[in-house]
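Text of entry_36.cif (mmCIF, C-alpha atoms, pLDDT in the B column; chains and numbers go by the auth columns) as supplied:
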```
data_data
loop_
_atom_site.group_PDB
_atom_site.id
_atom_site.type_symbol
_atom_site.label_atom_id
_atom_site.label_comp_id
_atom_site.label_asym_id
_atom_site.label_seq_id
_atom_site.Cartn_x
_atom_site.Cartn_y
_atom_site.Cartn_z
_atom_site.B_iso_or_equiv
_atom_site.auth_seq_id
_atom_site.auth_asym_id
ATOM 1 C CA MET A 1 14.994 2.672 -1.865 36.00 1 K
ATOM 2 C CA ASN A 2 12.158 4.617 -0.300 38.00 2 K
ATOM 3 C CA GLY A 3 9.144 4.712 -2.650 42.00 3 K
ATOM 4 C CA SER A 4 8.523 8.416 -2.022 45.00 4 K
ATOM 5 C CA THR A 5 11.951 9.415 -3.411 56.00 5 K
ATOM 6 C CA ARG A 6 11.661 7.676 -6.781 75.00 6 K
ATOM 7 C CA GLU A 7 11.605 9.882 -9.864 87.00 7 K
ATOM 8 C CA ALA A 8 8.145 10.036 -11.406 92.00 8 K
ATOM 9 C CA PRO A 9 7.879 10.132 -15.202 96.00 9 K
ATOM 10 C CA ASP A 10 6.140 13.076 -16.827 96.00 10 K
ATOM 11 C CA LEU A 11 2.928 12.458 -18.771 96.00 11 K
ATOM 12 C CA ASP A 12 4.707 11.731 -22.081 97.00 12 K
ATOM 13 C CA ALA A 13 7.102 9.224 -20.513 97.00 13 K
ATOM 14 C CA PHE A 14 4.212 7.651 -18.586 97.00 14 K
ATOM 15 C CA ASP A 15 2.259 7.285 -21.841 97.00 15 K
ATOM 16 C CA LYS A 16 5.212 5.434 -23.381 97.00 16 K
ATOM 17 C CA LEU A 17 5.345 3.085 -20.367 97.00 17 K
ATOM 18 C CA VAL A 18 1.617 2.359 -20.724 97.00 18 K
ATOM 19 C CA ARG A 19 1.899 1.592 -24.443 96.00 19 K
ATOM 20 C CA ALA A 20 4.919 -0.650 -23.878 96.00 20 K
ATOM 21 C CA ALA A 21 3.043 -2.470 -21.100 95.00 21 K
ATOM 22 C CA TYR A 22 0.031 -3.029 -23.359 94.00 22 K
ATOM 23 C CA THR A 23 2.235 -4.341 -26.176 93.00 23 K
ATOM 24 C CA GLY A 24 3.837 -6.775 -23.715 94.00 24 K
ATOM 25 C CA LEU A 25 0.510 -8.337 -22.700 93.00 25 K
ATOM 26 C CA PRO A 26 -0.206 -11.792 -24.129 92.00 26 K
ATOM 27 C CA GLU A 27 -1.840 -11.572 -27.577 90.00 27 K
ATOM 28 C CA GLU A 28 -4.827 -13.700 -26.572 88.00 28 K
ATOM 29 C CA PHE A 29 -5.569 -11.225 -23.770 88.00 29 K
ATOM 30 C CA ARG A 30 -5.101 -8.159 -25.985 88.00 30 K
ATOM 31 C CA SER A 31 -7.488 -9.687 -28.515 84.00 31 K
ATOM 32 C CA LEU A 32 -10.301 -9.313 -25.945 80.00 32 K
ATOM 33 C CA CYS A 33 -10.054 -5.561 -26.378 80.00 33 K
ATOM 34 C CA GLY A 34 -10.735 -5.468 -30.091 77.00 34 K
ATOM 35 C CA ASN A 35 -9.713 -2.175 -31.644 81.00 35 K
ATOM 36 C CA VAL A 36 -8.780 -0.570 -28.329 85.00 36 K
ATOM 37 C CA VAL A 37 -7.842 3.074 -27.899 90.00 37 K
ATOM 38 C CA ILE A 38 -5.615 3.810 -24.901 94.00 38 K
ATOM 39 C CA HIS A 39 -5.901 7.169 -23.174 96.00 39 K
ATOM 40 C CA VAL A 40 -3.472 8.456 -20.558 97.00 40 K
ATOM 41 C CA ALA A 41 -4.347 11.489 -18.456 97.00 41 K
ATOM 42 C CA GLU A 42 -3.212 13.066 -15.219 97.00 42 K
ATOM 43 C CA GLU A 43 -6.516 12.146 -13.565 96.00 43 K
ATOM 44 C CA ALA A 44 -10.128 11.416 -14.381 96.00 44 K
ATOM 45 C CA GLU A 45 -12.384 14.341 -15.231 95.00 45 K
ATOM 46 C CA ARG A 46 -14.542 15.664 -12.403 95.00 46 K
ATOM 47 C CA GLU A 47 -17.762 14.846 -14.303 96.00 47 K
ATOM 48 C CA LEU A 48 -16.769 11.169 -14.583 95.00 48 K
ATOM 49 C CA LEU A 49 -15.764 11.014 -10.929 96.00 49 K
ATOM 50 C CA ASP A 50 -19.113 12.537 -9.946 96.00 50 K
ATOM 51 C CA GLU A 51 -20.999 10.005 -12.109 95.00 51 K
ATOM 52 C CA MET A 52 -19.104 7.195 -10.380 94.00 52 K
ATOM 53 C CA GLY A 53 -19.575 8.670 -6.894 96.00 53 K
ATOM 54 C CA ILE A 54 -15.827 9.126 -6.357 96.00 54 K
ATOM 55 C CA GLY A 55 -14.709 12.182 -4.415 96.00 55 K
ATOM 56 C CA ASP A 56 -10.923 11.848 -4.590 96.00 56 K
ATOM 57 C CA PRO A 57 -9.468 11.524 -8.120 95.00 57 K
ATOM 58 C CA LEU A 58 -6.594 9.456 -6.697 95.00 58 K
ATOM 59 C CA GLU A 59 -9.094 6.663 -6.000 95.00 59 K
ATOM 60 C CA LEU A 60 -9.470 5.898 -9.722 96.00 60 K
ATOM 61 C CA SER A 61 -6.399 4.436 -11.461 96.00 61 K
ATOM 62 C CA GLY A 62 -8.043 3.328 -14.670 95.00 62 K
ATOM 63 C CA LEU A 63 -11.263 2.711 -16.535 94.00 63 K
ATOM 64 C CA PHE A 64 -12.324 0.397 -19.346 89.00 64 K
ATOM 65 C CA GLU A 65 -15.151 1.548 -21.606 88.00 65 K
ATOM 66 C CA GLY A 66 -16.453 -0.761 -24.268 82.00 66 K
ATOM 67 C CA VAL A 67 -18.319 -3.889 -25.193 73.00 67 K
ATOM 68 C CA GLU A 68 -17.402 -7.543 -25.373 62.00 68 K
ATOM 69 C CA LEU A 69 -16.267 -8.743 -28.773 54.00 69 K
ATOM 70 C CA ALA A 70 -19.307 -11.029 -29.094 50.00 70 K
ATOM 71 C CA ALA A 71 -21.559 -7.958 -28.860 55.00 71 K
ATOM 72 C CA ALA A 72 -19.305 -5.597 -30.756 51.00 72 K
ATOM 73 C CA GLU A 73 -20.041 -6.316 -34.438 55.00 73 K
ATOM 74 C CA GLU A 74 -18.432 -3.194 -35.867 58.00 74 K
ATOM 75 C CA ALA A 75 -19.118 -1.175 -32.739 66.00 75 K
ATOM 76 C CA ALA A 76 -16.987 1.811 -31.821 73.00 76 K
ATOM 77 C CA PRO A 77 -13.570 0.888 -30.418 81.00 77 K
ATOM 78 C CA ASN A 78 -13.109 0.020 -26.771 84.00 78 K
ATOM 79 C CA HIS A 79 -11.265 2.557 -24.607 89.00 79 K
ATOM 80 C CA VAL A 80 -8.854 2.050 -21.726 91.00 80 K
ATOM 81 C CA HIS A 81 -8.102 5.096 -19.580 95.00 81 K
ATOM 82 C CA LEU A 82 -5.153 5.181 -17.171 97.00 82 K
ATOM 83 C CA TYR A 83 -4.707 8.019 -14.715 97.00 83 K
ATOM 84 C CA ARG A 84 -1.102 8.961 -13.998 97.00 84 K
ATOM 85 C CA ARG A 85 -1.514 10.745 -10.660 96.00 85 K
ATOM 86 C CA SER A 86 -3.371 7.905 -8.928 96.00 86 K
ATOM 87 C CA ILE A 87 -1.027 5.241 -10.298 97.00 87 K
ATOM 88 C CA LEU A 88 2.011 7.265 -9.193 97.00 88 K
ATOM 89 C CA ALA A 89 0.484 7.760 -5.728 95.00 89 K
ATOM 90 C CA GLU A 90 0.096 3.984 -5.301 94.00 90 K
ATOM 91 C CA TRP A 91 3.599 3.395 -6.673 96.00 91 K
ATOM 92 C CA ARG A 92 5.128 5.867 -4.201 94.00 92 K
ATOM 93 C CA GLU A 93 3.317 4.207 -1.305 93.00 93 K
ATOM 94 C CA THR A 94 4.676 0.747 -2.175 92.00 94 K
ATOM 95 C CA PRO A 95 8.447 0.497 -1.785 88.00 95 K
ATOM 96 C CA GLY A 96 10.008 -2.043 -4.128 90.00 96 K
ATOM 97 C CA LEU A 97 7.102 -1.984 -6.591 92.00 97 K
ATOM 98 C CA ARG A 98 8.243 -1.344 -10.144 94.00 98 K
ATOM 99 C CA LEU A 99 6.123 1.268 -11.916 96.00 99 K
ATOM 100 C CA GLU A 100 6.053 -0.909 -15.028 95.00 100 K
ATOM 101 C CA ASP A 101 4.552 -3.786 -13.006 94.00 101 K
ATOM 102 C CA LEU A 102 1.886 -1.531 -11.521 96.00 102 K
ATOM 103 C CA ILE A 103 0.932 -0.244 -14.973 96.00 103 K
ATOM 104 C CA VAL A 104 0.569 -3.839 -16.224 95.00 104 K
ATOM 105 C CA HIS A 105 -1.540 -4.636 -13.155 94.00 105 K
ATOM 106 C CA VAL A 106 -3.917 -1.728 -13.790 95.00 106 K
ATOM 107 C CA LEU A 107 -4.210 -2.529 -17.515 93.00 107 K
ATOM 108 C CA VAL A 108 -4.894 -6.207 -16.890 93.00 108 K
ATOM 109 C CA HIS A 109 -7.464 -5.499 -14.192 91.00 109 K
ATOM 110 C CA GLU A 110 -9.342 -2.836 -16.137 90.00 110 K
ATOM 111 C CA ILE A 111 -9.603 -5.112 -19.158 88.00 111 K
ATOM 112 C CA GLY A 112 -10.077 -8.322 -17.169 88.00 112 K
ATOM 113 C CA HIS A 113 -12.844 -7.052 -14.898 83.00 113 K
ATOM 114 C CA HIS A 114 -14.751 -5.747 -17.910 83.00 114 K
ATOM 115 C CA PHE A 115 -14.663 -9.207 -19.466 83.00 115 K
ATOM 116 C CA GLY A 116 -15.463 -11.014 -16.209 85.00 116 K
ATOM 117 C CA LEU A 117 -12.098 -12.696 -15.696 88.00 117 K
ATOM 118 C CA SER A 118 -11.328 -14.043 -12.225 90.00 118 K
ATOM 119 C CA ASP A 119 -8.563 -12.571 -10.090 89.00 119 K
ATOM 120 C CA ALA A 120 -6.633 -15.840 -10.553 92.00 120 K
ATOM 121 C CA ALA A 121 -6.907 -15.567 -14.345 91.00 121 K
ATOM 122 C CA MET A 122 -5.754 -11.946 -14.266 91.00 122 K
ATOM 123 C CA HIS A 123 -2.827 -12.853 -12.019 90.00 123 K
ATOM 124 C CA ALA A 124 -1.803 -15.556 -14.523 91.00 124 K
ATOM 125 C CA ILE A 125 -1.950 -13.002 -17.344 91.00 125 K
ATOM 126 C CA GLU A 126 0.247 -10.602 -15.369 91.00 126 K
ATOM 127 C CA GLU A 127 2.733 -13.444 -14.818 89.00 127 K
ATOM 128 C CA ALA A 128 2.755 -14.210 -18.572 87.00 128 K
ATOM 129 C CA THR A 129 3.474 -10.607 -19.553 86.00 129 K
ATOM 130 C CA GLU A 130 6.747 -10.143 -21.428 68.00 130 K
#
```

Transcribe the structure of this file into structure tokens.
Amino acid sequence: MNGSTREAPDLDAFDKLVRAAYTGLPEEFRSLCGNVVIHVAEEAERELLDEMGIGDPLELSGLFEGVELAAAEEAAPNHVHLYRRSILAEWRETPGLRLEDLIVHVLVHEIGHHFGLSDAAMHAIEEATE
């Protein structure tokens, strides 16, 4: 099947896919996030993109905002943001890639990079996802 002809979920359906993907991550990995709040949006806000020096909103698939658990001590919850349009653009460009797998990949990498995990460790977590 050609990736550009696959049916893209609307924002509500995409949000459900993201939440299911997060729930399927290994518990020990999810525990890194503490009391995480997951946000799903069409794309990042222009102000954020400008702060990050990103011109094209499709260049940002996700963002993790928060602190490590060791530093958290009753801090505000961590936040994971996933941006539907950029994830769908990558999915359409990669024939054979399951959208669910791409969502897991983005979640794991946003969380993993924040906590300094290696690419090998993140790959192992993706492999262990239910």

Quick one: of K:Leu82, K:Ala20, K:Val67, K:Ile125, who's nearest to Ala41 in chain K, counting all atoms listed in the file?
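Closest residue, counting all atoms listed in the file: K:Leu82.
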
Taking (0.3, -9.9, -14.1) in the coordinates of the supplied file, I want to know which residues reach to within 8 Å of it, counting all atoms listed in the file; could you give the answer as a VMD selection string?
chain K and resid 101 104 to 105 108 122 to 129

So which residues fall inside 12 Å of (-4.0, -7.7, -19.1) if we count all atoms listed in the file? Mind giving them as number ranges by chain?
K: 18, 21-33, 64, 80, 101-115, 117-119, 121-130

Near Glu90 in chain K, within 12 Å and counting all atoms listed in the file, which residues show up once chain neighbours fewer than 6 positions away are dropped, as a list of chain:residue names?
K:Gly3, K:Ser4, K:Ala8, K:Leu58, K:Glu59, K:Leu60, K:Ser61, K:Tyr83, K:Arg84, K:Gly96, K:Leu97, K:Arg98, K:Leu99, K:Asp101, K:Leu102, K:Ile103, K:His105, K:Val106

Residues near Leu48 in chain K, anyone? I mean within 12 Å using all atoms listed in the file, not counting same-chain ones fewer than 4 positions away, as a VMD selection string.
chain K and resid 43 to 44 52 to 57 60 62 to 63 81

I need the residue nearest Leu17 in chain K from this list: K:Gly34, K:Glu51, K:Gly66, K:Val40. Use all atoms listed in the file for the distance.
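Looking only at the distances to Leu17 in chain K, the closest residue turns out to be K:Val40.
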
CA of Phe14 in chain K and CA of Leu88 in chain K are how many Å apart?
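These two atoms are separated by 9.7 Å.
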
Interatomic distance (Å, one decimal) between CA of Thr94 in chain K and CA of Gly116 in chain K
27.2 Å
